$ cat entry-v6.txt   # compact mmCIF, C-alpha atoms and all ligand atoms
# COMPACT_ATOMS: atom_id res chain seq x y z
CA MET P 604 -8.84 7.39 -49.46
CA PRO P 605 -5.38 7.17 -51.01
CA ALA P 606 -4.67 3.95 -52.88
CA ILE P 607 -2.26 1.55 -51.22
CA CYS P 608 0.74 0.52 -53.34
CA ARG P 609 2.55 -2.79 -53.36
CA SER P 610 4.80 -1.74 -50.48
CA ARG P 611 2.85 -1.44 -47.27
CA HIS P 612 4.97 1.59 -46.39
CA ILE P 613 3.84 3.61 -49.37
CA ARG P 614 0.52 5.16 -50.36
CA ILE P 615 -0.44 7.40 -53.24
CA VAL P 616 -1.37 10.92 -52.11
CA SER P 617 -1.86 12.42 -55.56
CA GLY P 618 -1.26 11.47 -59.18
CA HIS P 619 2.49 11.86 -58.92
CA GLU P 620 3.24 11.78 -55.19
CA TRP P 621 3.71 8.74 -52.96
CA ASN P 622 3.83 9.05 -49.22
CA ASN P 623 6.41 6.85 -47.56
CA ILE P 624 4.59 6.23 -44.31
CA ALA P 625 7.71 5.09 -42.49
CA THR P 626 9.66 8.31 -43.15
CA GLY P 627 6.93 10.88 -43.92
CA MET P 628 8.65 11.63 -47.22
CA LYS P 629 6.36 12.41 -50.16
CA ASN P 630 8.21 10.77 -53.03
CA ARG P 631 7.68 11.78 -56.63
CA LEU P 632 7.67 9.53 -59.70
CA ILE P 633 10.19 10.22 -62.44
CA PRO P 634 7.87 9.98 -65.47
CA GLY P 635 8.36 6.87 -67.60
CA THR P 636 10.22 5.01 -64.86
CA GLY P 637 9.38 3.02 -61.77
CA LEU P 638 11.59 5.35 -59.72
CA ARG P 639 9.87 7.23 -56.89
CA VAL P 640 12.46 9.69 -55.66
CA SER P 641 12.49 11.77 -52.52
CA PRO P 642 11.95 15.51 -53.07
CA VAL P 643 15.40 16.11 -51.57
CA CYS P 644 18.28 14.56 -53.49
CA LEU P 645 21.60 14.40 -51.65
CA GLY P 646 24.42 16.04 -53.62
CA THR P 647 27.95 14.69 -53.20
CA MET P 648 30.12 17.27 -54.99
CA THR P 649 31.93 18.24 -51.79
CA PHE P 650 32.67 14.69 -50.66
CA GLY P 651 36.42 14.28 -50.32
CA THR P 652 37.06 17.86 -49.18
CA PRO P 653 35.73 19.63 -47.19
CA VAL P 654 33.46 16.68 -46.29
CA GLY P 655 35.81 13.82 -45.40
CA GLU P 656 34.83 10.17 -45.76
CA THR P 657 33.59 9.61 -42.20
CA ASP P 658 31.32 12.66 -42.28
CA ALA P 659 30.17 11.89 -45.81
CA ILE P 660 29.14 8.35 -44.87
CA ARG P 661 27.35 9.71 -41.80
CA LEU P 662 25.45 12.17 -44.03
CA ILE P 663 24.49 9.44 -46.51
CA HIS P 664 23.25 7.14 -43.73
CA GLU P 665 21.33 9.96 -42.06
CA ALA P 666 19.75 10.80 -45.42
CA LEU P 667 18.72 7.19 -46.08
CA ASP P 668 17.43 6.80 -42.51
CA HIS P 669 15.12 9.80 -43.07
CA GLY P 670 13.82 8.68 -46.46
CA VAL P 671 16.13 10.68 -48.71
CA ASN P 672 16.55 7.89 -51.25
CA PHE P 673 17.98 9.87 -54.19
CA ILE P 674 21.75 10.49 -54.31
CA ASP P 675 23.53 12.52 -56.96
CA THR P 676 27.19 12.05 -57.80
CA ALA P 677 29.50 12.30 -60.84
CA ASN P 678 32.74 10.74 -61.98
CA ILE P 679 34.52 14.09 -61.53
CA TYR P 680 33.47 14.78 -57.93
CA GLU P 681 36.27 14.98 -55.40
CA GLY P 682 35.41 18.14 -53.46
CA TYR P 683 37.42 21.34 -53.39
CA THR P 684 40.53 19.70 -54.92
CA ARG P 685 38.80 19.42 -58.28
CA VAL P 686 40.37 21.26 -61.19
CA ILE P 687 39.66 20.80 -64.89
CA GLY P 688 41.11 17.44 -65.92
CA SER P 689 41.70 16.06 -62.42
CA ALA P 690 40.79 12.40 -62.10
CA GLY P 691 37.80 12.69 -59.73
CA GLY P 692 36.25 9.44 -58.52
CA VAL P 693 36.51 10.24 -54.81
CA ALA P 694 32.80 10.89 -54.17
CA GLU P 695 31.77 7.76 -56.09
CA GLU P 696 34.16 5.64 -54.02
CA ILE P 697 32.84 7.08 -50.76
CA LEU P 698 29.24 6.54 -51.87
CA GLY P 699 30.06 2.97 -52.89
CA ARG P 700 31.39 2.24 -49.40
CA ALA P 701 28.43 3.99 -47.74
CA ILE P 702 25.78 1.89 -49.48
CA VAL P 703 27.26 -1.50 -48.73
CA GLY P 704 24.29 -3.48 -47.41
CA ARG P 705 21.88 -0.61 -48.25
CA ARG P 706 21.90 -0.62 -52.06
CA GLY P 707 18.17 -1.34 -52.20
CA GLN P 708 17.38 1.89 -50.32
CA ALA P 709 19.23 4.22 -52.69
CA ILE P 710 18.48 5.53 -56.17
CA ILE P 711 21.89 6.41 -57.50
CA ALA P 712 22.62 8.90 -60.23
CA THR P 713 26.10 9.53 -61.59
CA LYS P 714 27.47 11.36 -64.63
CA LEU P 715 30.15 11.40 -67.28
CA GLY P 716 31.32 14.03 -69.70
CA MET P 717 33.47 16.56 -67.85
CA LYS P 718 37.23 16.34 -68.42
CA VAL P 719 38.83 13.79 -66.08
CA GLY P 720 42.13 13.04 -67.80
CA ASP P 721 44.20 13.55 -70.90
CA ALA P 722 43.07 10.66 -73.11
CA PRO P 723 40.61 11.56 -75.91
CA GLU P 724 37.83 9.56 -74.21
CA ASP P 725 38.37 11.30 -70.86
CA GLU P 726 36.02 14.12 -71.82
CA GLY P 727 32.66 14.18 -73.56
CA THR P 728 30.05 11.56 -74.25
CA SER P 729 31.34 9.53 -77.21
CA ALA P 730 30.67 5.78 -77.20
CA ALA P 731 34.32 5.19 -76.21
CA ALA P 732 33.98 7.64 -73.30
CA ILE P 733 30.79 5.95 -72.10
CA ARG P 734 32.35 2.47 -72.28
CA LYS P 735 35.44 3.56 -70.32
CA HIS P 736 33.84 5.80 -67.70
CA LEU P 737 30.72 3.75 -67.05
CA ALA P 738 32.95 0.78 -66.22
CA LEU P 739 35.02 2.97 -63.86
CA SER P 740 31.92 4.39 -62.16
CA LEU P 741 30.38 0.94 -61.65
CA LYS P 742 33.64 -0.25 -60.10
CA ARG P 743 34.00 2.74 -57.77
CA LEU P 744 30.36 2.59 -56.72
CA ALA P 745 30.68 -1.21 -56.37
CA VAL P 746 27.29 -1.76 -58.00
CA ASP P 747 26.12 -3.79 -61.03
CA CYS P 748 23.75 -1.13 -62.30
CA ILE P 749 23.40 2.65 -62.10
CA ASP P 750 19.82 3.88 -61.76
CA ILE P 751 20.36 7.12 -63.69
CA TYR P 752 23.37 7.84 -65.88
CA TYR P 753 23.63 11.51 -66.81
CA LEU P 754 25.39 13.05 -69.77
CA HIS P 755 26.99 15.83 -67.69
CA LYS P 756 27.11 18.37 -70.51
CA PHE P 757 26.32 18.67 -74.19
CA ASP P 758 29.21 17.34 -76.28
CA PRO P 759 29.38 19.10 -79.65
CA ALA P 760 32.15 16.74 -80.83
CA ALA P 761 30.23 13.49 -80.29
CA SER P 762 27.62 12.07 -82.67
CA MET P 763 24.31 12.08 -80.78
CA THR P 764 23.23 8.91 -82.55
CA GLU P 765 26.43 7.15 -81.47
CA THR P 766 26.03 8.39 -77.88
CA LEU P 767 22.42 7.20 -77.68
CA ALA P 768 23.21 3.86 -79.35
CA GLU P 769 25.89 3.23 -76.71
CA ILE P 770 23.50 4.25 -73.92
CA ALA P 771 20.92 1.83 -75.37
CA ALA P 772 23.51 -0.96 -75.45
CA GLU P 773 24.49 -0.33 -71.82
CA MET P 774 20.80 -0.34 -70.85
CA ARG P 775 20.34 -3.69 -72.64
CA ASP P 776 23.38 -5.03 -70.77
CA GLY P 777 21.74 -4.00 -67.49
CA LYS P 778 24.46 -1.52 -66.50
CA ILE P 779 22.16 1.53 -66.66
CA ARG P 780 18.46 1.64 -65.81
CA HIS P 781 17.73 5.07 -67.28
CA TYR P 782 19.67 8.06 -68.51
CA GLY P 783 19.40 11.80 -68.16
CA VAL P 784 21.04 15.03 -69.27
CA SER P 785 22.61 17.86 -67.33
CA ASN P 786 23.44 21.41 -68.39
CA TYR P 787 21.66 20.95 -71.73
CA SER P 788 19.90 23.98 -73.20
CA ALA P 789 16.35 23.62 -74.50
CA PRO P 790 17.50 23.48 -78.17
CA GLN P 791 20.10 20.82 -77.28
CA LEU P 792 17.48 18.72 -75.48
CA ARG P 793 15.09 19.14 -78.41
CA GLU P 794 17.82 17.89 -80.77
CA LEU P 795 18.51 14.92 -78.51
CA LEU P 796 14.82 13.96 -78.39
CA ALA P 797 14.52 14.25 -82.17
CA THR P 798 17.60 12.05 -82.61
CA ALA P 799 16.26 9.45 -80.19
CA ASP P 800 12.84 9.37 -81.84
CA ALA P 801 14.21 9.25 -85.39
CA ASN P 802 16.46 6.31 -84.57
CA GLY P 803 14.29 4.33 -82.18
CA LEU P 804 16.73 5.06 -79.36
CA PRO P 805 15.87 5.75 -75.70
CA ARG P 806 14.78 9.17 -74.50
CA PRO P 807 16.21 10.76 -71.36
CA VAL P 808 13.90 10.51 -68.35
CA ILE P 809 15.42 13.33 -66.30
CA CYS P 810 17.12 16.66 -66.79
CA GLN P 811 19.50 18.36 -64.31
CA PRO P 812 19.84 22.12 -64.84
CA PRO P 813 20.93 24.84 -62.41
CA LEU P 814 17.82 26.48 -60.90
CA SER P 815 17.33 28.74 -57.91
CA LEU P 816 15.51 31.89 -56.86
CA LEU P 817 18.66 33.74 -57.94
CA LYS P 818 19.07 31.85 -61.22
CA PRO P 819 15.62 31.17 -62.68
CA GLU P 820 16.50 31.30 -66.41
CA VAL P 821 15.58 27.67 -67.21
CA LEU P 822 11.96 28.43 -66.28
CA ASN P 823 11.63 30.24 -69.62
CA ASP P 824 12.28 27.38 -71.98
CA LEU P 825 13.89 24.22 -70.59
CA LEU P 826 11.32 23.43 -67.88
CA PRO P 827 8.30 23.99 -70.17
CA LEU P 828 9.97 21.63 -72.66
CA CYS P 829 10.55 19.02 -69.94
CA GLU P 830 6.94 19.32 -68.82
CA LYS P 831 5.67 18.91 -72.38
CA GLU P 832 7.94 15.92 -73.04
CA GLN P 833 7.27 14.28 -69.65
CA ILE P 834 10.88 14.50 -68.51
CA GLY P 835 11.49 14.89 -64.78
CA VAL P 836 13.69 17.75 -63.55
CA ALA P 837 16.20 17.54 -60.69
CA PRO P 838 17.68 21.04 -60.35
CA TYR P 839 21.07 21.70 -58.77
CA GLN P 840 22.44 24.66 -56.78
CA VAL P 841 19.01 25.24 -55.34
CA LEU P 842 20.64 27.17 -52.44
CA GLN P 843 23.03 28.91 -54.86
CA GLY P 844 26.04 27.51 -53.06
CA GLY P 845 24.75 28.70 -49.66
CA LEU P 846 23.78 32.27 -50.62
CA LEU P 847 20.10 31.36 -50.20
CA THR P 848 20.52 30.42 -46.56
CA GLY P 849 20.88 33.97 -45.25
CA LYS P 850 24.31 33.24 -43.76
CA TYR P 851 26.17 35.96 -45.68
CA ARG P 852 25.64 39.51 -44.38
CA ARG P 853 26.32 42.99 -45.74
CA GLY P 854 29.60 44.42 -44.49
CA GLU P 855 30.57 41.22 -42.66
CA ALA P 856 33.23 38.68 -43.54
CA PRO P 857 31.87 35.28 -44.64
CA PRO P 858 31.30 33.08 -41.58
CA ALA P 859 34.18 30.77 -40.67
CA GLY P 860 33.70 27.33 -42.20
CA SER P 861 31.37 28.59 -44.94
CA ARG P 862 32.03 27.83 -48.59
CA LYS P 863 32.71 31.48 -49.33
CA ALA P 864 35.40 31.50 -46.61
CA GLU P 865 36.90 28.19 -47.74
CA LYS P 866 36.52 28.21 -51.53
CA ASP P 867 35.81 31.75 -52.63
CA ALA P 868 35.62 30.96 -56.36
CA TRP P 869 32.66 28.60 -55.81
CA VAL P 870 30.36 31.33 -54.46
CA TRP P 871 29.22 34.48 -56.31
CA ALA P 872 30.65 37.85 -55.34
CA LEU P 873 28.84 39.44 -52.38
CA ASP P 874 27.77 42.77 -53.87
CA GLU P 875 24.95 45.21 -53.16
CA ASN P 876 22.82 43.97 -56.04
CA LEU P 877 22.96 40.45 -54.61
CA PHE P 878 22.14 41.62 -51.07
CA GLN P 879 19.11 43.53 -52.38
CA GLN P 880 17.81 40.36 -54.03
CA LEU P 881 18.45 38.40 -50.82
CA ASP P 882 16.58 41.03 -48.76
CA GLY P 883 13.53 40.56 -50.97
CA ILE P 884 13.71 36.77 -50.67
CA GLN P 885 14.13 36.97 -46.89
CA LYS P 886 10.95 39.06 -46.66
CA LYS P 887 9.01 36.44 -48.62
CA ALA P 888 10.43 33.63 -46.44
CA ASP P 889 9.44 35.57 -43.28
CA LYS P 890 5.93 36.02 -44.65
CA ALA P 891 5.73 32.27 -45.37
CA GLY P 892 7.01 31.57 -41.85
CA VAL P 893 10.00 29.49 -42.96
CA SER P 894 13.76 29.97 -43.11
CA MET P 895 15.30 31.34 -46.30
CA SER P 896 16.80 27.95 -47.23
CA GLN P 897 13.48 26.20 -46.70
CA TYR P 898 11.74 28.84 -48.81
CA ALA P 899 14.36 28.39 -51.57
CA ILE P 900 13.91 24.60 -51.60
CA GLN P 901 10.11 24.80 -51.58
CA TRP P 902 10.15 27.36 -54.40
CA VAL P 903 12.16 25.02 -56.61
CA LEU P 904 9.96 22.03 -55.78
CA ASN P 905 6.88 24.04 -56.77
CA GLN P 906 8.14 24.55 -60.33
CA LYS P 907 6.57 22.43 -63.05
CA ALA P 908 8.23 19.09 -63.90
CA VAL P 909 10.53 19.21 -60.86
CA VAL P 910 10.73 15.84 -59.12
CA SER P 911 13.58 16.48 -56.67
CA ALA P 912 15.83 19.33 -55.54
CA ILE P 913 19.52 18.43 -55.29
CA ILE P 914 21.00 19.89 -52.11
CA GLY P 915 24.63 20.11 -51.05
CA VAL P 916 25.14 19.74 -47.32
CA LYS P 917 28.23 19.80 -45.17
CA ARG P 918 26.65 19.08 -41.80
CA ILE P 919 23.81 16.91 -40.47
CA GLU P 920 21.88 20.03 -39.31
CA GLN P 921 21.91 21.34 -42.90
CA LEU P 922 20.51 18.03 -44.13
CA LYS P 923 17.82 18.13 -41.44
CA GLU P 924 16.81 21.63 -42.46
CA ALA P 925 16.32 20.48 -46.06
CA ILE P 926 14.26 17.51 -44.88
CA VAL P 927 12.04 19.78 -42.76
CA ALA P 928 11.51 21.97 -45.85
CA VAL P 929 9.99 19.11 -47.84
CA ARG P 930 7.85 17.76 -45.02
CA HIS P 931 5.86 21.02 -44.75
N1 LIG I 1 25.21 18.92 -62.91
C1 LIG I 1 26.08 19.83 -62.57
O1 LIG I 1 26.81 20.38 -63.41
C2 LIG I 1 26.18 20.20 -61.11
C3 LIG I 1 26.91 21.36 -60.74
C4 LIG I 1 26.98 21.68 -59.39
C5 LIG I 1 26.36 20.87 -58.45
N2 LIG I 1 25.68 19.75 -58.84
C6 LIG I 1 25.03 18.85 -57.84
O2 LIG I 1 24.28 19.66 -56.95
C7 LIG I 1 24.73 19.43 -55.61
C8 LIG I 1 24.55 20.70 -54.81
O3 LIG I 1 25.42 21.70 -55.32
P1 LIG I 1 26.04 22.82 -54.40
O4 LIG I 1 26.52 22.18 -53.14
O5 LIG I 1 26.99 23.61 -55.19
O6 LIG I 1 24.81 23.77 -54.17
P2 LIG I 1 23.82 24.19 -53.01
O7 LIG I 1 23.00 23.04 -52.59
O8 LIG I 1 23.15 25.38 -53.57
O9 LIG I 1 24.77 24.68 -51.80
C9 LIG I 1 25.19 23.81 -50.84
C10 LIG I 1 25.98 24.50 -49.75
O10 LIG I 1 25.16 25.45 -49.05
C11 LIG I 1 25.50 25.44 -47.68
N3 LIG I 1 24.29 25.04 -46.95
C12 LIG I 1 23.43 24.03 -47.21
N4 LIG I 1 22.43 23.99 -46.33
C13 LIG I 1 22.64 25.01 -45.47
C14 LIG I 1 21.95 25.49 -44.34
N5 LIG I 1 20.81 24.93 -43.91
N6 LIG I 1 22.46 26.56 -43.69
C15 LIG I 1 23.59 27.16 -44.09
N7 LIG I 1 24.31 26.73 -45.16
C16 LIG I 1 23.84 25.67 -45.84
C17 LIG I 1 26.63 24.44 -47.49
O11 LIG I 1 27.88 25.11 -47.67
P3 LIG I 1 28.81 25.66 -46.50
O12 LIG I 1 28.28 25.17 -45.18
O13 LIG I 1 30.16 25.11 -46.84
O14 LIG I 1 28.74 27.15 -46.62
C18 LIG I 1 26.43 23.52 -48.68
O15 LIG I 1 27.58 22.81 -49.03
C19 LIG I 1 26.16 18.93 -55.76
O16 LIG I 1 26.61 18.21 -54.64
C20 LIG I 1 26.03 18.08 -56.98
O17 LIG I 1 25.51 16.80 -56.64
C21 LIG I 1 25.57 19.43 -60.16

$ encode --input "entry-v6.txt" --output "structure tokens"
Amino acid sequence: MPAICRSRHIRIVSGHEWNNIATGMKNRLIPGTGLRVSPVCLGTMTFGTPVGETDAIRLIHEALDHGVNFIDTANIYEGYTRVIGSAGGVAEEILGRAIVGRRGQAIIATKLGMKVGDAPEDEGTSAAAIRKHLALSLKRLAVDCIDIYYLHKFDPAASMTETLAEIAAEMRDGKIRHYGVSNYSAPQLRELLATADANGLPRPVICQPPLSLLKPEVLNDLLPLCEKEQIGVAPYQVLQGGLLTGKYRRGEAPPAGSRKAEKDAWVWALDENLFQQLDGIQKKADKAGVSMSQYAIQWVLNQKAVVSAIIGVKRIEQLKEAIVAVRH
């Protein structure tokens, strides 16, 4: 019999999985934290455009209603209008308005480090950048504390010790519960862990790399390292921007309303090599009796150390399809 946890809606189904009885979602523990996250994490990169505020709030509420409790944003996110150095902040503001009265249901992750302005502290992860951009993110999200604060990319110009000391200070002040890293290579993560350990500073609890059936490179080194070091993994671009949904076809124009039709630069070129890979994946999905997008999500969730797959969705039906994938 599974053990019953403190909440009467949750029971343990295996060492690292908790079944939320109310929603049917099998949540996974981020090692070293008390955070049990849903296997689908709602991405917010397209909130602003093409997903306007009303639709974005509807998606967030639908996600929360169905037990998707993990939401991923970043200080730069503003949808398709984003260019290097633009101010961002739009997705955080929308998310902040969406969770009014529902803060307790959501585990919120945001990030700093990409260029969002022209001041020296508007890019990277120096202590000054953290102080400035954490305050801005807290304000836009209208929360006192961020559950997971990601360093969005490795910053070669910042002292790692200084970065981690500032993160530790913000954790002590109660503004961050935990921190993570995104787009770090295995050697960069190893260096970060060594710096943390040597200086008695906190270790990251989660890592956010790109990972999909079409982009499996991090399986070689980063994921084994995360598994060894007990760091959870929340991969992004699990559907490779929509390519892994089967919606793009040889010799046909991208469907109206698709990302490829709306924002060509955000989706890989549709060439024969890609279509051959997609054919192979479709065959495997058919054999498994699921859609290509469900197969792609399940494949990522079956990789070691993965706690949640971050999914971008534009429409409620797309969110529902991702939820069905993790309930199988
Ligand atoms: N850390 C980082 O550097 C980083 C970088 C990128 C993203 N991220 C995070 O990862 C999240 C997801 O990224 P992403 O949106 O680029 O990748 P994705 O999840 O691979 O692709 C999402 C897109 O696929 C299409 N789609 C989703 N479900 C579908 C379905 N069932 N049927 C047909 N099409 C479907 C939708 O686009 P259309 O309907 O418009 O075609 C959707 O916007 C972001 O929101 C963000 O939170 C992080």

$ residues_around --input "entry-v6.txt" --residues "range 631-634 of chain P" --least-positions-apart "2" --cutoff "8 Å" --atoms "all atoms listed in the file" --output "list of chain:residue names"
P:His619, P:Glu620, P:Trp621, P:Lys629, P:Thr636, P:Gly637, P:Leu638, P:Arg639, P:Val640, P:Ser641, P:Pro642, P:Val808, P:Ile809, P:Gln833, P:Ile834, P:Gly835, P:Val910, P:Ser911

$ closest_residue --input "entry-v6.txt" --among "P:Val654, P:Ala801, P:Ala701, P:Ala772" --to "ligand LIG 1 (chain I)" --atoms "only C-alpha atoms and all ligand atoms"
P:Val654

$ residues_near_ligand --input "entry-v6.txt" --ligand "ligand LIG 1 (chain I)" --cutoff "7 Å" --atoms "only C-alpha atoms and all ligand atoms" --output "VMD selection string"
chain P and resid 645 to 649 675 to 676 755 785 to 786 811 to 812 839 to 845 848 850 860 to 863 896 913 to 917 920 to 922 924 to 925

$ closest_residue --input "entry-v6.txt" --among "P:Leu796, P:Val927, P:Ala666, P:Cys810" --to "Ala908 in chain P" --atoms "only C-alpha atoms"
P:Cys810

$ residues_near_point --input "entry-v6.txt" --point "(25.2, 3.8, -77.6)" --cutoff "12 Å" --atoms "all atoms listed in the file" --output "number ranges by chain"
P: 728-734, 737, 761-776, 779, 782, 799, 802-805

$ atom_distance --input "entry-v6.txt" --atom1 "CA of Lys818 in chain P" --atom2 "CA of Lys886 in chain P"
18.2 Å

$ atom_distance --input "entry-v6.txt" --atom1 "CA of Lys742 in chain P" --atom2 "CA of Glu696 in chain P"
8.5 Å

$ atom_distance --input "entry-v6.txt" --atom1 "CA of Lys714 in chain P" --atom2 "CA of Leu795 in chain P"
16.9 Å

$ residues_around --input "entry-v6.txt" --residues "Ile884 in chain P" --least-positions-apart "3" --cutoff "12 Å" --atoms "all atoms listed in the file" --output "PDB file with C-alpha atoms, keeping the file's coordinate frame"
ATOM      1  CA  SER P 815      17.330  28.740 -57.910  1.00  0.00           C
ATOM      2  CA  LEU P 816      15.510  31.890 -56.860  1.00  0.00           C
ATOM      3  CA  LEU P 817      18.660  33.740 -57.940  1.00  0.00           C
ATOM      4  CA  LEU P 842      20.640  27.170 -52.440  1.00  0.00           C
ATOM      5  CA  LEU P 846      23.780  32.270 -50.620  1.00  0.00           C
ATOM      6  CA  LEU P 847      20.100  31.360 -50.200  1.00  0.00           C
ATOM      7  CA  THR P 848      20.520  30.420 -46.560  1.00  0.00           C
ATOM      8  CA  GLY P 849      20.880  33.970 -45.250  1.00  0.00           C
ATOM      9  CA  LEU P 877      22.960  40.450 -54.610  1.00  0.00           C
ATOM     10  CA  PHE P 878      22.140  41.620 -51.070  1.00  0.00           C
ATOM     11  CA  GLN P 879      19.110  43.530 -52.380  1.00  0.00           C
ATOM     12  CA  GLN P 880      17.810  40.360 -54.030  1.00  0.00           C
ATOM     13  CA  LEU P 881      18.450  38.400 -50.820  1.00  0.00           C
ATOM     14  CA  LYS P 887       9.010  36.440 -48.620  1.00  0.00           C
ATOM     15  CA  ALA P 888      10.430  33.630 -46.440  1.00  0.00           C
ATOM     16  CA  ASP P 889       9.440  35.570 -43.280  1.00  0.00           C
ATOM     17  CA  LYS P 890       5.930  36.020 -44.650  1.00  0.00           C
ATOM     18  CA  ALA P 891       5.730  32.270 -45.370  1.00  0.00           C
ATOM     19  CA  VAL P 893      10.000  29.490 -42.960  1.00  0.00           C
ATOM     20  CA  SER P 894      13.760  29.970 -43.110  1.00  0.00           C
ATOM     21  CA  MET P 895      15.300  31.340 -46.300  1.00  0.00           C
ATOM     22  CA  SER P 896      16.800  27.950 -47.230  1.00  0.00           C
ATOM     23  CA  GLN P 897      13.480  26.200 -46.700  1.00  0.00           C
ATOM     24  CA  TYR P 898      11.740  28.840 -48.810  1.00  0.00           C
ATOM     25  CA  ALA P 899      14.360  28.390 -51.570  1.00  0.00           C
ATOM     26  CA  TRP P 902      10.150  27.360 -54.400  1.00  0.00           C
TER      27      TRP P 902
END

$ closest_residue --input "entry-v6.txt" --among "P:Pro807, P:Pro790, P:Pro838, P:Pro819" --to "Val909 in chain P" --atoms "only C-alpha atoms"
P:Pro838

$ residues_around --input "entry-v6.txt" --residues "Leu739 in chain P" --least-positions-apart "4" --cutoff "12 Å" --atoms "only C-alpha atoms" --output "ChimeraX atom specification"
/P:677-679,690-693,695-696,713-715,719,725,732-735,743-747,749,778

$ closest_residue --input "entry-v6.txt" --among "P:Pro827, P:Pro857, P:Gly720, P:Gly892" --to "Ser788 in chain P" --atoms "all atoms listed in the file"
P:Pro827

$ decode --input "entry-v6.txt" --residues "range 733-750 of chain P" --atoms "N, CA and C atoms" --output "mmCIF file, in the first residue's frame"
data_model
loop_
_atom_site.group_PDB
_atom_site.id
_atom_site.type_symbol
_atom_site.label_atom_id
_atom_site.label_comp_id
_atom_site.auth_asym_id
_atom_site.auth_seq_id
_atom_site.Cartn_x
_atom_site.Cartn_y
_atom_site.Cartn_z
ATOM 1 N N ILE P 733 21.939 40.311 -9.866
ATOM 2 C CA ILE P 733 20.957 39.546 -9.077
ATOM 3 C C ILE P 733 20.130 40.503 -8.214
ATOM 4 N N ARG P 734 20.817 41.432 -7.543
ATOM 5 C CA ARG P 734 20.071 42.363 -6.659
ATOM 6 C C ARG P 734 19.023 43.133 -7.468
ATOM 7 N N LYS P 735 19.436 43.658 -8.615
ATOM 8 C CA LYS P 735 18.510 44.480 -9.421
ATOM 9 C C LYS P 735 17.382 43.636 -10.012
ATOM 10 N N HIS P 736 17.722 42.529 -10.628
ATOM 11 C CA HIS P 736 16.698 41.805 -11.408
ATOM 12 C C HIS P 736 15.827 40.886 -10.557
ATOM 13 N N LEU P 737 16.348 40.446 -9.418
ATOM 14 C CA LEU P 737 15.474 39.692 -8.514
ATOM 15 C C LEU P 737 14.382 40.622 -7.973
ATOM 16 N N ALA P 738 14.775 41.834 -7.610
ATOM 17 C CA ALA P 738 13.777 42.791 -7.094
ATOM 18 C C ALA P 738 12.711 43.065 -8.157
ATOM 19 N N LEU P 739 13.145 43.227 -9.408
ATOM 20 C CA LEU P 739 12.175 43.496 -10.489
ATOM 21 C C LEU P 739 11.255 42.293 -10.715
ATOM 22 N N SER P 740 11.828 41.092 -10.683
ATOM 23 C CA SER P 740 11.000 39.896 -10.901
ATOM 24 C C SER P 740 9.980 39.721 -9.776
ATOM 25 N N LEU P 741 10.418 39.928 -8.531
ATOM 26 C CA LEU P 741 9.483 39.800 -7.399
ATOM 27 C C LEU P 741 8.327 40.790 -7.554
ATOM 28 N N LYS P 742 8.664 41.995 -7.995
ATOM 29 C CA LYS P 742 7.630 43.025 -8.148
ATOM 30 C C LYS P 742 6.646 42.641 -9.254
ATOM 31 N N ARG P 743 7.188 42.211 -10.404
ATOM 32 C CA ARG P 743 6.301 41.870 -11.526
ATOM 33 C C ARG P 743 5.443 40.648 -11.209
ATOM 34 N N LEU P 744 6.041 39.694 -10.522
ATOM 35 C CA LEU P 744 5.281 38.481 -10.165
ATOM 36 C C LEU P 744 4.356 38.731 -8.975
ATOM 37 N N ALA P 745 4.596 39.852 -8.283
ATOM 38 C CA ALA P 745 3.796 40.232 -7.100
ATOM 39 C C ALA P 745 3.822 39.128 -6.042
ATOM 40 N N VAL P 746 5.024 38.598 -5.803
ATOM 41 C CA VAL P 746 5.199 37.574 -4.763
ATOM 42 C C VAL P 746 6.347 38.008 -3.849
ATOM 43 N N ASP P 747 6.396 37.401 -2.644
ATOM 44 C CA ASP P 747 7.485 37.711 -1.694
ATOM 45 C C ASP P 747 8.692 36.830 -1.961
ATOM 46 N N CYS P 748 8.436 35.662 -2.549
ATOM 47 C CA CYS P 748 9.507 34.666 -2.667
ATOM 48 C C CYS P 748 9.348 33.882 -3.971
ATOM 49 N N ILE P 749 10.465 33.648 -4.629
ATOM 50 C CA ILE P 749 10.462 32.831 -5.857
ATOM 51 C C ILE P 749 10.922 31.424 -5.479
ATOM 52 N N ASP P 750 10.202 30.423 -5.944
ATOM 53 C CA ASP P 750 10.522 29.046 -5.532
ATOM 54 C C ASP P 750 11.853 28.585 -6.111
#
